[in-house]
file upload.cif (mmCIF, C-alpha atoms)
data_data
#
loop_
_atom_site.group_PDB
_atom_site.id
_atom_site.type_symbol
_atom_site.label_atom_id
_atom_site.label_comp_id
_atom_site.auth_asym_id
_atom_site.auth_seq_id
_atom_site.Cartn_x
_atom_site.Cartn_y
_atom_site.Cartn_z
ATOM 1 C CA MET A 1 262.933 179.156 81.267
ATOM 2 C CA ALA A 2 264.626 175.848 80.653
ATOM 3 C CA ASP A 3 265.315 174.944 77.052
ATOM 4 C CA SER A 4 263.302 171.907 75.960
ATOM 5 C CA THR A 5 264.748 169.626 73.311
ATOM 6 C CA ASP A 6 262.485 167.577 71.064
ATOM 7 C CA LYS A 7 263.124 163.864 70.920
ATOM 8 C CA VAL A 8 264.188 162.589 67.519
ATOM 9 C CA VAL A 9 262.227 159.533 66.413
ATOM 10 C CA MET A 10 263.960 157.310 63.876
ATOM 11 C CA GLU A 11 261.849 155.323 61.429
ATOM 12 C CA GLN A 12 263.079 152.393 59.354
ATOM 13 C CA SER A 13 260.952 150.672 56.743
ATOM 14 C CA LEU A 14 261.485 146.924 56.938
ATOM 15 C CA VAL A 15 259.032 145.619 54.356
ATOM 16 C CA LYS A 16 256.220 146.761 52.042
ATOM 17 C CA ILE A 17 253.733 144.303 50.567
ATOM 18 C CA ASP A 18 251.210 145.492 48.004
ATOM 19 C CA GLU A 19 248.645 142.728 48.516
ATOM 20 C CA ALA A 20 247.503 141.291 51.833
ATOM 21 C CA PHE A 21 244.162 139.726 52.724
ATOM 22 C CA VAL A 22 242.482 140.524 56.042
ATOM 23 C CA TYR A 23 240.099 138.049 57.686
ATOM 24 C CA ARG A 24 237.757 138.067 60.645
ATOM 25 C CA ILE A 25 238.835 135.030 62.642
ATOM 26 C CA PRO A 26 237.010 133.046 65.325
ATOM 27 C CA PRO A 27 238.499 132.431 68.761
ATOM 28 C CA MET A 28 241.259 129.830 68.943
ATOM 29 C CA LYS A 29 239.665 126.391 69.363
ATOM 30 C CA SER A 30 242.662 124.483 70.748
ATOM 31 C CA ALA A 31 245.977 125.146 72.403
ATOM 32 C CA ASP A 32 247.792 124.124 69.228
ATOM 33 C CA GLY A 33 247.048 127.473 67.603
ATOM 34 C CA HIS A 34 244.918 129.096 64.948
ATOM 35 C CA ARG A 35 243.923 127.242 61.768
ATOM 36 C CA ALA A 36 243.486 129.057 58.478
ATOM 37 C CA GLU A 37 240.876 126.567 57.289
ATOM 38 C CA ASP A 38 238.442 128.031 59.863
ATOM 39 C CA TRP A 39 238.692 131.564 58.440
ATOM 40 C CA ASN A 40 236.593 131.208 55.269
ATOM 41 C CA LEU A 41 239.523 132.094 53.056
ATOM 42 C CA ALA A 42 237.370 132.580 49.939
ATOM 43 C CA LYS A 43 235.753 135.694 51.476
ATOM 44 C CA PRO A 44 238.352 138.043 52.960
ATOM 45 C CA LEU A 45 237.200 141.054 54.915
ATOM 46 C CA ALA A 46 239.375 143.404 52.849
ATOM 47 C CA THR A 47 242.309 143.453 50.439
ATOM 48 C CA CYS A 48 244.924 145.812 51.794
ATOM 49 C CA LYS A 49 248.576 146.833 51.729
ATOM 50 C CA LEU A 50 250.945 145.986 54.571
ATOM 51 C CA GLU A 51 253.960 147.964 55.767
ATOM 52 C CA ALA A 52 256.281 147.229 58.707
ATOM 53 C CA LEU A 53 258.064 150.233 60.253
ATOM 54 C CA ARG A 54 260.472 150.346 63.138
ATOM 55 C CA ARG A 55 260.156 153.363 65.412
ATOM 56 C CA ASP A 56 262.814 153.470 68.117
ATOM 57 C CA ASN A 57 262.397 150.170 69.952
ATOM 58 C CA SER A 58 258.890 149.429 68.641
ATOM 59 C CA LEU A 59 257.666 147.759 65.480
ATOM 60 C CA CYS A 60 254.564 149.215 63.870
ATOM 61 C CA ILE A 61 252.630 147.121 61.337
ATOM 62 C CA ASN A 62 250.261 149.303 59.335
ATOM 63 C CA ILE A 63 247.508 147.774 57.229
ATOM 64 C CA MET A 64 246.338 150.292 54.635
ATOM 65 C CA ALA A 65 243.177 150.036 52.532
ATOM 66 C CA ASP A 66 241.612 152.088 49.749
ATOM 67 C CA ARG A 67 238.174 153.707 49.780
ATOM 68 C CA PRO A 68 236.295 156.102 47.524
ATOM 69 C CA LYS A 69 237.440 159.642 47.988
ATOM 70 C CA PRO A 70 234.578 161.900 49.070
ATOM 71 C CA GLY A 71 233.869 164.879 46.840
ATOM 72 C CA ALA A 72 236.098 163.491 44.077
ATOM 73 C CA PRO A 73 235.176 162.174 40.627
ATOM 74 C CA ALA A 74 233.976 158.631 40.264
ATOM 75 C CA GLY A 75 236.772 156.069 40.532
ATOM 76 C CA ALA A 76 239.014 158.266 42.701
ATOM 77 C CA THR A 77 240.223 156.553 45.850
ATOM 78 C CA GLU A 78 242.186 157.441 48.922
ATOM 79 C CA THR A 79 244.316 155.298 51.250
ATOM 80 C CA TYR A 80 243.487 155.134 54.928
ATOM 81 C CA LEU A 81 244.713 153.194 57.958
ATOM 82 C CA PHE A 82 242.603 150.075 58.219
ATOM 83 C CA ALA A 83 244.329 148.472 61.233
ATOM 84 C CA GLN A 84 247.547 148.853 63.193
ATOM 85 C CA SER A 85 249.645 146.636 65.417
ATOM 86 C CA ASN A 86 252.222 148.146 67.772
ATOM 87 C CA ILE A 87 254.829 145.589 68.858
ATOM 88 C CA THR A 88 257.327 146.191 71.646
ATOM 89 C CA VAL A 89 259.485 143.156 72.328
ATOM 90 C CA ASP A 90 261.154 142.905 75.735
ATOM 91 C CA PHE A 91 263.499 139.928 76.082
ATOM 92 C CA SER A 92 263.607 140.286 79.855
ATOM 93 C CA ASN A 93 259.832 139.886 80.046
ATOM 94 C CA PRO A 94 258.579 136.459 78.850
ATOM 95 C CA SER A 95 255.090 137.839 78.200
ATOM 96 C CA HIS A 96 256.418 140.413 75.714
ATOM 97 C CA LYS A 97 257.832 138.169 73.019
ATOM 98 C CA MET A 98 256.946 138.238 69.355
ATOM 99 C CA ASP A 99 254.355 135.484 69.581
ATOM 100 C CA ARG A 100 252.230 137.778 71.757
ATOM 101 C CA TRP A 101 251.467 139.917 68.683
ATOM 102 C CA VAL A 102 252.143 137.658 65.665
ATOM 103 C CA MET A 103 251.366 133.935 65.547
ATOM 104 C CA SER A 104 251.700 131.583 62.584
ATOM 105 C CA VAL A 105 248.831 129.232 61.872
ATOM 106 C CA VAL A 106 249.438 125.509 62.240
ATOM 107 C CA ASP A 107 248.146 124.479 58.803
ATOM 108 C CA SER A 108 249.788 127.013 56.448
ATOM 109 C CA SER A 109 252.902 129.144 56.054
ATOM 110 C CA ARG A 110 251.122 132.074 54.334
ATOM 111 C CA TYR A 111 248.656 133.037 57.058
ATOM 112 C CA PHE A 112 249.164 134.717 60.427
ATOM 113 C CA ALA A 113 247.106 135.837 63.390
ATOM 114 C CA LEU A 114 247.912 139.487 64.150
ATOM 115 C CA ARG A 115 247.027 141.365 67.367
ATOM 116 C CA ILE A 116 245.811 144.870 66.554
ATOM 117 C CA SER A 117 245.001 147.720 68.919
ATOM 118 C CA ASP A 118 242.969 150.898 68.770
ATOM 119 C CA PRO A 119 245.202 153.838 69.802
ATOM 120 C CA LYS A 120 242.146 155.852 70.947
ATOM 121 C CA THR A 121 240.329 153.283 73.068
ATOM 122 C CA GLY A 122 243.194 150.841 73.694
ATOM 123 C CA ARG A 123 241.060 147.839 72.740
ATOM 124 C CA GLU A 124 242.847 144.832 71.254
ATOM 125 C CA ALA A 125 241.680 142.043 68.946
ATOM 126 C CA PHE A 126 243.058 139.390 66.622
ATOM 127 C CA ILE A 127 242.618 139.480 62.868
ATOM 128 C CA GLY A 128 243.865 137.101 60.188
ATOM 129 C CA VAL A 129 246.431 138.229 57.623
ATOM 130 C CA GLY A 130 247.253 136.174 54.540
ATOM 131 C CA PHE A 131 249.320 136.533 51.385
ATOM 132 C CA ARG A 132 248.762 135.199 47.902
ATOM 133 C CA GLU A 133 252.487 134.647 47.189
ATOM 134 C CA ARG A 134 254.668 132.587 49.463
ATOM 135 C CA MET A 135 257.542 135.035 48.922
ATOM 136 C CA ASP A 136 255.478 137.838 50.481
ATOM 137 C CA ALA A 137 254.872 135.702 53.553
ATOM 138 C CA THR A 138 258.597 134.951 53.772
ATOM 139 C CA ASN A 139 259.471 138.650 53.536
ATOM 140 C CA PHE A 140 256.987 139.428 56.298
ATOM 141 C CA LYS A 141 258.568 136.843 58.609
ATOM 142 C CA MET A 142 262.067 138.084 57.758
ATOM 143 C CA SER A 143 261.093 141.646 58.739
ATOM 144 C CA LEU A 144 260.011 140.380 62.168
ATOM 145 C CA GLN A 145 263.321 138.533 62.589
ATOM 146 C CA ASP A 146 265.309 141.622 61.517
ATOM 147 C CA TYR A 147 263.540 143.656 64.177
ATOM 148 C CA GLU A 148 264.365 141.124 66.911
ATOM 149 C CA ASN A 149 267.996 140.720 65.789
ATOM 150 C CA SER A 150 268.536 144.481 65.762
ATOM 151 C CA LEU A 151 267.233 144.709 69.336
ATOM 152 C CA LYS A 152 269.634 141.963 70.431
ATOM 153 C CA ARG A 153 272.604 143.704 68.819
ATOM 154 C CA GLU A 154 271.721 147.015 70.436
ATOM 155 C CA GLU A 155 271.353 145.423 73.867
ATOM 156 C CA LYS A 156 274.730 143.707 73.499
ATOM 157 C CA ALA A 157 276.386 146.961 72.415
ATOM 158 C CA ALA A 158 274.840 148.803 75.367
ATOM 159 C CA ALA A 159 276.106 146.138 77.785
ATOM 160 C CA LEU A 160 279.632 146.440 76.380
ATOM 161 C CA GLN A 161 279.466 150.220 76.667
ATOM 162 C CA ARG A 162 278.407 149.994 80.319
ATOM 163 C CA GLN A 163 281.206 147.536 81.049
ATOM 164 C CA TYR A 164 283.759 149.827 79.409
ATOM 165 C CA GLU A 165 282.560 152.850 81.351
ATOM 166 C CA GLN A 166 282.695 150.877 84.598
ATOM 167 C CA THR A 167 286.300 149.782 84.006
ATOM 168 C CA GLN A 168 287.308 153.339 83.139
ATOM 169 C CA LYS A 169 285.705 154.620 86.319
ATOM 170 C CA GLN A 170 287.540 152.030 88.415
ATOM 171 C CA GLN A 171 290.878 152.963 86.844
ATOM 172 C CA GLN A 172 290.287 156.637 87.527
ATOM 173 C CA GLN A 173 289.472 155.876 91.164
ATOM 174 C CA GLN A 174 292.666 153.833 91.529
ATOM 175 C CA GLN A 175 294.734 156.674 90.067
ATOM 176 C CA GLN A 176 293.174 159.227 92.406
ATOM 177 C CA GLN A 177 293.947 157.174 95.527
ATOM 178 C CA PRO A 178 297.181 158.413 97.278
ATOM 179 C CA GLY A 179 300.046 155.900 97.230
ATOM 180 C CA ASP A 180 302.445 154.951 100.040
ATOM 181 C CA GLY A 181 305.454 156.513 98.320
ATOM 182 C CA GLY A 182 306.511 158.328 95.210
ATOM 183 C CA GLY A 183 307.886 155.239 93.519
ATOM 184 C CA ASP A 184 304.781 153.199 94.241
ATOM 185 C CA SER A 185 302.489 155.856 92.783
ATOM 186 C CA GLU A 186 304.555 155.934 89.585
ATOM 187 C CA ASN A 187 304.331 152.155 89.289
ATOM 188 C CA ASP A 188 300.580 152.335 89.812
ATOM 189 C CA ASP A 189 300.309 154.917 87.028
ATOM 190 C CA GLU A 190 302.328 152.706 84.697
ATOM 191 C CA ASP A 191 300.181 149.663 85.511
ATOM 192 C CA ALA A 192 297.001 151.623 84.887
ATOM 193 C CA SER A 193 298.281 152.948 81.557
ATOM 194 C CA THR A 194 299.423 149.516 80.410
ATOM 195 C CA SER A 195 296.157 147.891 81.466
ATOM 196 C CA ALA A 196 294.218 150.435 79.412
ATOM 197 C CA LEU A 197 296.125 149.499 76.273
ATOM 198 C CA PRO A 198 294.615 146.732 74.122
ATOM 199 C CA VAL A 199 296.210 143.329 74.522
ATOM 200 C CA GLN A 200 298.246 142.376 71.489
ATOM 201 C CA MET A 201 297.694 138.876 70.219
ATOM 202 C CA GLU A 202 300.912 136.907 69.831
ATOM 203 C CA SER A 203 301.425 134.990 66.634
ATOM 204 C CA LYS A 204 300.842 131.283 67.010
ATOM 205 C CA LEU A 205 303.626 130.636 64.485
ATOM 206 C CA SER A 206 306.364 132.052 66.708
ATOM 207 C CA LEU A 207 308.829 129.601 68.294
ATOM 208 C CA LYS A 208 308.922 129.161 71.992
ATOM 209 C CA GLU A 209 312.131 129.489 73.984
ATOM 210 C CA GLY A 210 314.436 126.505 73.367
ATOM 211 C CA GLU A 211 312.613 125.239 70.249
ATOM 212 C CA LYS A 212 314.539 124.559 67.038
ATOM 213 C CA ILE A 213 313.666 123.938 63.416
ATOM 214 C CA HIS A 214 315.283 121.032 61.526
ATOM 215 C CA ILE A 215 315.338 121.235 57.733
ATOM 216 C CA ASN A 216 315.983 118.087 55.645
ATOM 217 C CA LEU A 217 317.295 118.854 52.159
ATOM 218 C CA ALA A 218 316.744 116.541 49.197
ATOM 219 C CA HIS A 219 320.526 116.015 48.520
ATOM 220 C CA SER A 220 323.040 115.004 51.166
ATOM 221 C CA LYS A 221 325.674 117.423 52.358
ATOM 222 C CA GLY A 222 328.770 117.721 50.117
ATOM 223 C CA LYS A 223 327.197 116.025 47.073
ATOM 224 C CA LYS A 224 326.000 117.498 43.847
ATOM 225 C CA ALA A 225 323.006 116.431 41.823
ATOM 226 C CA GLY A 226 323.851 112.990 40.454
ATOM 227 C CA GLY A 227 325.419 111.540 43.647
ATOM 228 C CA THR A 228 329.051 112.650 43.041
ATOM 229 C CA THR A 229 331.230 114.526 45.480
ATOM 230 C CA PRO A 230 333.071 117.705 44.459
ATOM 231 C CA LYS A 231 336.428 115.791 44.420
ATOM 232 C CA GLN A 232 335.090 113.049 42.141
ATOM 233 C CA TYR A 233 333.525 115.608 39.878
ATOM 234 C CA LYS A 234 336.837 117.535 39.582
ATOM 235 C CA LYS A 235 338.836 114.318 39.006
ATOM 236 C CA SER A 236 336.543 113.183 36.206
ATOM 237 C CA LEU A 237 337.007 116.518 34.475
ATOM 238 C CA SER A 238 340.828 116.473 34.768
ATOM 239 C CA GLY A 239 341.080 112.839 33.575
ATOM 240 C CA SER A 240 339.160 113.293 30.348
ATOM 241 C CA TYR A 241 340.535 116.579 29.096
ATOM 242 C CA SER A 242 342.142 119.732 30.333
ATOM 243 C CA LEU A 243 341.509 123.252 29.236
ATOM 244 C CA LYS A 244 344.501 125.453 28.416
ATOM 245 C CA LEU A 245 344.544 129.069 29.353
ATOM 246 C CA PRO A 246 344.418 131.541 26.469
ATOM 247 C CA PRO A 247 347.717 133.283 25.606
ATOM 248 C CA PRO A 248 348.332 136.707 26.981
ATOM 249 C CA PRO A 249 347.505 139.654 24.753
ATOM 250 C CA GLY A 250 350.187 140.538 22.174
ATOM 251 C CA VAL A 251 351.631 137.007 21.902
ATOM 252 C CA ILE A 252 351.000 134.892 18.787
ATOM 253 C CA ALA A 253 350.084 131.318 19.562
ATOM 254 C CA PRO A 254 352.422 128.659 17.975
ATOM 255 C CA PRO A 255 351.049 126.380 15.236
ATOM 256 C CA PRO A 256 349.677 123.046 16.361
ATOM 257 C CA SER A 257 352.221 120.199 16.535
ATOM 258 C CA VAL A 258 352.023 117.204 14.225
ATOM 259 C CA ASP A 259 350.730 114.066 15.811
ATOM 260 C CA THR A 260 353.388 111.400 15.348
ATOM 261 C CA GLU A 261 351.056 108.576 16.138
ATOM 262 C CA THR A 262 348.909 109.238 13.108
ATOM 263 C CA THR A 263 351.806 109.188 10.499
ATOM 264 C CA LYS A 264 351.686 106.249 8.082
ATOM 265 C CA PRO A 265 354.796 104.304 6.878
ATOM 266 C CA GLU A 266 356.055 105.150 3.424
ATOM 267 C CA PRO A 267 355.512 102.428 0.763
ATOM 268 C CA LYS A 268 358.537 100.385 -0.417
ATOM 269 C CA GLU A 269 359.736 100.433 -4.015
ATOM 270 C CA GLU A 270 360.391 97.177 -5.919
ATOM 271 C CA THR A 271 362.245 96.872 -9.250
ATOM 272 C CA ILE A 272 360.578 94.653 -11.844
ATOM 273 C CA LYS A 273 362.239 93.644 -15.054
ATOM 274 C CA GLY A 274 360.310 94.035 -18.208
ATOM 275 C CA SER A 275 359.514 91.314 -20.676
ATOM 276 C CA GLY A 276 361.885 92.769 -23.230
ATOM 277 C CA GLY A 277 364.646 93.129 -20.753
ATOM 278 C CA THR A 278 365.311 96.599 -21.953
ATOM 279 C CA GLY A 279 364.126 98.560 -18.983
ATOM 280 C CA THR A 280 363.055 98.346 -15.440
ATOM 281 C CA GLU A 281 359.786 99.417 -13.732
ATOM 282 C CA LYS A 282 359.361 100.498 -10.254
ATOM 283 C CA LYS A 283 356.389 99.140 -8.322
ATOM 284 C CA GLU A 284 355.227 100.252 -4.989
ATOM 285 C CA THR A 285 354.624 97.384 -2.645
ATOM 286 C CA SER A 286 352.952 97.557 0.590
ATOM 287 C CA SER A 287 353.263 95.384 3.586
ATOM 288 C CA GLU A 288 350.243 93.394 2.477
ATOM 289 C CA ASP A 289 351.937 92.447 -0.836
ATOM 290 C CA VAL A 290 355.013 91.208 0.999
ATOM 291 C CA GLU A 291 353.031 89.002 3.304
ATOM 292 C CA TRP A 292 350.880 87.372 0.590
ATOM 293 C CA GLY A 293 353.550 87.170 -2.104
ATOM 294 C CA ALA A 294 354.524 83.528 -1.357
ATOM 295 C CA PHE A 295 350.961 82.282 -1.957
ATOM 296 C CA GLU A 296 350.528 83.794 -5.359
ATOM 297 C CA GLY A 297 350.816 81.325 -8.299
#
call {"tool": "encode", "arguments": {"input": "upload.cif", "output": "structure tokens"}}
result
Amino acid sequence: MADSTDKVVMEQSLVKIDEAFVYRIPPMKSADGHRAEDWNLAKPLATCKLEALRRDNSLCINIMADRPKPGAPAGATETYLFAQSNITVDFSNPSHKMDRWVMSVVDSSRYFALRISDPKTGREAFIGVGFRERMDATNFKMSLQDYENSLKREEKAAALQRQYEQTQKQQQQQQQQPGDGGGDSENDDEDASTSALPVQMESKLSLKEGEKIHINLAHSKGKKAGGTTPKQYKKSLSGSYSLKLPPPPGVIAPPPSVDTETTKPEPKEETIKGSGGTGTEKKETSSEDVEWGAFEG
């Protein structure tokens, strides 16, 4: 007996809305689309819950309603499947797009025409679905877009996988083909191995062959800050003062020499006779007294 493996079905819940109104809608009157004003919005057929589930490549929209539970106390209810819409979008088939199952009305953003089907009989019909809150309607539309975008990503990934497998198969066939000589076969193996490696992107900041970089500094060459050359700077230091080297260790430095330029001339002494003529007095005269002595009365 051959072992049979069960297929694993993945389910992903895209949105759950606690309040959704279901309407019995008339046939579409014009090619523009359905109008919610023709549905008698004040009297919905039922108030239900809506849930969108993804199962493999299909999107299942379940509309659940409550009813009295048989054999239970008064007030007890149970949830049952009121209606169901099975959506299978195929981008290669124009007749299997999203608008085949879900259509927005032309006069409101909170109401939709939904194609439902009976899984037992296969019959299909359109019902109206509306939401009290605009946010619920937005979440419902976003769940439909998420389903379509996920299908597109998966198809793109599958195409890349097929392309990769095809290139690998071609490389293996080239390696298995016999070469003309030993050296040629080795070169073919090297080319195949290098072609399988990912291509490294070169940095756009690298210099090409023969290119150079020129750097302009703020100060010209050979000058310090302030516009003076090293020679001028050294000359200005030597002209103003010079620094003496400290004496070697163990030698006592001599006392500083006396500056001869700062010595003052000694004052002259002048002998003055007293009024009594008995003695003499010495008076110190300066150069200023000598110069102005002739003008004194």
call {"tool": "atom_distance", "arguments": {"input": "upload.cif", "atom1": "CA of Lys43 in chain A", "atom2": "CA of Gly122 in chain A"}}
result
27.9 Å
call {"tool": "closest_residue", "arguments": {"input": "upload.cif", "among": "A:Lys97, A:Arg162, A:Arg35, A:Arg132", "to": "Glu19 in chain A", "atoms": "only C-alpha atoms"}}
result
A:Arg132
call {"tool": "atom_distance", "arguments": {"input": "upload.cif", "atom1": "CA of Ala46 in chain A", "atom2": "CA of Val22 in chain A"}}
result
5.3 Å
call {"tool": "atom_distance", "arguments": {"input": "upload.cif", "atom1": "CA of Ser92 in chain A", "atom2": "CA of Leu151 in chain A"}}
result
12.0 Å
call {"tool": "closest_residue", "arguments": {"input": "upload.cif", "among": "A:Ala36, A:Val89, A:Leu207, A:Met64", "to": "Ala52 in chain A", "atoms": "all atoms listed in the file"}}
result
A:Met64
call {"tool": "closest_atom_pairs", "arguments": {"input": "upload.cif", "of": "range 7-98 of chain A", "to": "range 142-145 of chain A", "cutoff": "9 Å", "atoms": "only C-alpha atoms", "output": "Markdown table"}}
result
| residue | atom | partner | partner_atom | distance |
| --- | --- | --- | --- | --- |
| A:Leu14 | CA | A:Ser143 | CA | 5.6 |
| A:Val15 | CA | A:Ser143 | CA | 6.3 |
| A:Ala52 | CA | A:Ser143 | CA | 7.4 |
| A:Leu59 | CA | A:Leu144 | CA | 8.4 |
| A:Met98 | CA | A:Leu144 | CA | 8.1 |
call {"tool": "write_last_selection", "arguments": {"input": "upload.cif", "atoms": "C-alpha atoms", "output": "mmCIF file, keeping the file's coordinate frame"}}
result
data_model
loop_
_atom_site.group_PDB
_atom_site.id
_atom_site.type_symbol
_atom_site.label_atom_id
_atom_site.label_comp_id
_atom_site.auth_asym_id
_atom_site.auth_seq_id
_atom_site.Cartn_x
_atom_site.Cartn_y
_atom_site.Cartn_z
ATOM 1 C CA LEU A 14 261.485 146.924 56.938
ATOM 2 C CA VAL A 15 259.032 145.619 54.356
ATOM 3 C CA ALA A 52 256.281 147.229 58.707
ATOM 4 C CA LEU A 59 257.666 147.759 65.480
ATOM 5 C CA MET A 98 256.946 138.238 69.355
#
call {"tool": "resolve_selection", "arguments": {"input": "upload.cif", "expression": "the PyMOL selection byres ((chain A and resi 115) around 10)", "output": "VMD selection string"}}
result
chain A and resid 83 to 87 99 to 103 112 to 114 116 to 117 124 to 128
call {"tool": "write_last_selection", "arguments": {"input": "upload.cif", "atoms": "C-alpha atoms", "output": "PDB file, keeping the file's coordinate frame"}}
result
ATOM      1  CA  ALA A  83     244.329 148.472  61.233  1.00  0.00           C
ATOM      2  CA  GLN A  84     247.547 148.853  63.193  1.00  0.00           C
ATOM      3  CA  SER A  85     249.645 146.636  65.417  1.00  0.00           C
ATOM      4  CA  ASN A  86     252.222 148.146  67.772  1.00  0.00           C
ATOM      5  CA  ILE A  87     254.829 145.589  68.858  1.00  0.00           C
ATOM      6  CA  ASP A  99     254.355 135.484  69.581  1.00  0.00           C
ATOM      7  CA  ARG A 100     252.230 137.778  71.757  1.00  0.00           C
ATOM      8  CA  TRP A 101     251.467 139.917  68.683  1.00  0.00           C
ATOM      9  CA  VAL A 102     252.143 137.658  65.665  1.00  0.00           C
ATOM     10  CA  MET A 103     251.366 133.935  65.547  1.00  0.00           C
ATOM     11  CA  PHE A 112     249.164 134.717  60.427  1.00  0.00           C
ATOM     12  CA  ALA A 113     247.106 135.837  63.390  1.00  0.00           C
ATOM     13  CA  LEU A 114     247.912 139.487  64.150  1.00  0.00           C
ATOM     14  CA  ILE A 116     245.811 144.870  66.554  1.00  0.00           C
ATOM     15  CA  SER A 117     245.001 147.720  68.919  1.00  0.00           C
ATOM     16  CA  GLU A 124     242.847 144.832  71.254  1.00  0.00           C
ATOM     17  CA  ALA A 125     241.680 142.043  68.946  1.00  0.00           C
ATOM     18  CA  PHE A 126     243.058 139.390  66.622  1.00  0.00           C
ATOM     19  CA  ILE A 127     242.618 139.480  62.868  1.00  0.00           C
ATOM     20  CA  GLY A 128     243.865 137.101  60.188  1.00  0.00           C
TER      21      GLY A 128
END
call {"tool": "resolve_selection", "arguments": {"input": "upload.cif", "expression": "the PyMOL selection byres ((chain A and resi 137) around 12)", "output": "NGL selection string"}}
result
:A and (15-21 or 50 or 104 or 108-112 or 129-136 or 138-144)
call {"tool": "residues_around", "arguments": {"input": "upload.cif", "residues": "Glu155 in chain A", "least_positions_apart": "5", "cutoff": "12 Å", "atoms": "only C-alpha atoms", "output": "PyMOL selection string"}}
result
chain A and resi 57+90-92+148-150+160-162
call {"tool": "write_last_selection", "arguments": {"input": "upload.cif", "atoms": "C-alpha atoms", "output": "PDB file, in the coordinates of the input"}}
result
ATOM      1  CA  ASN A  57     262.397 150.170  69.952  1.00  0.00           C
ATOM      2  CA  ASP A  90     261.154 142.905  75.735  1.00  0.00           C
ATOM      3  CA  PHE A  91     263.499 139.928  76.082  1.00  0.00           C
ATOM      4  CA  SER A  92     263.607 140.286  79.855  1.00  0.00           C
ATOM      5  CA  GLU A 148     264.365 141.124  66.911  1.00  0.00           C
ATOM      6  CA  ASN A 149     267.996 140.720  65.789  1.00  0.00           C
ATOM      7  CA  SER A 150     268.536 144.481  65.762  1.00  0.00           C
ATOM      8  CA  LEU A 160     279.632 146.440  76.380  1.00  0.00           C
ATOM      9  CA  GLN A 161     279.466 150.220  76.667  1.00  0.00           C
ATOM     10  CA  ARG A 162     278.407 149.994  80.319  1.00  0.00           C
TER      11      ARG A 162
END
call {"tool": "closest_residue", "arguments": {"input": "upload.cif", "among": "A:Ile25, A:Leu81, A:Ala74, A:Val106", "to": "Pro119 in chain A", "atoms": "all atoms listed in the file"}}
result
A:Leu81
call {"tool": "resolve_selection", "arguments": {"input": "upload.cif", "expression": "the PyMOL selection byres ((chain A and resi 67) around 8)", "output": "PDB file with C-alpha atoms, in the frame of the given file"}}
result
ATOM      1  CA  ALA A  65     243.177 150.036  52.532  1.00  0.00           C
ATOM      2  CA  ASP A  66     241.612 152.088  49.749  1.00  0.00           C
ATOM      3  CA  PRO A  68     236.295 156.102  47.524  1.00  0.00           C
ATOM      4  CA  LYS A  69     237.440 159.642  47.988  1.00  0.00           C
ATOM      5  CA  THR A  77     240.223 156.553  45.850  1.00  0.00           C
ATOM      6  CA  GLU A  78     242.186 157.441  48.922  1.00  0.00           C
ATOM      7  CA  THR A  79     244.316 155.298  51.250  1.00  0.00           C
ATOM      8  CA  TYR A  80     243.487 155.134  54.928  1.00  0.00           C
TER       9      TYR A  80
END
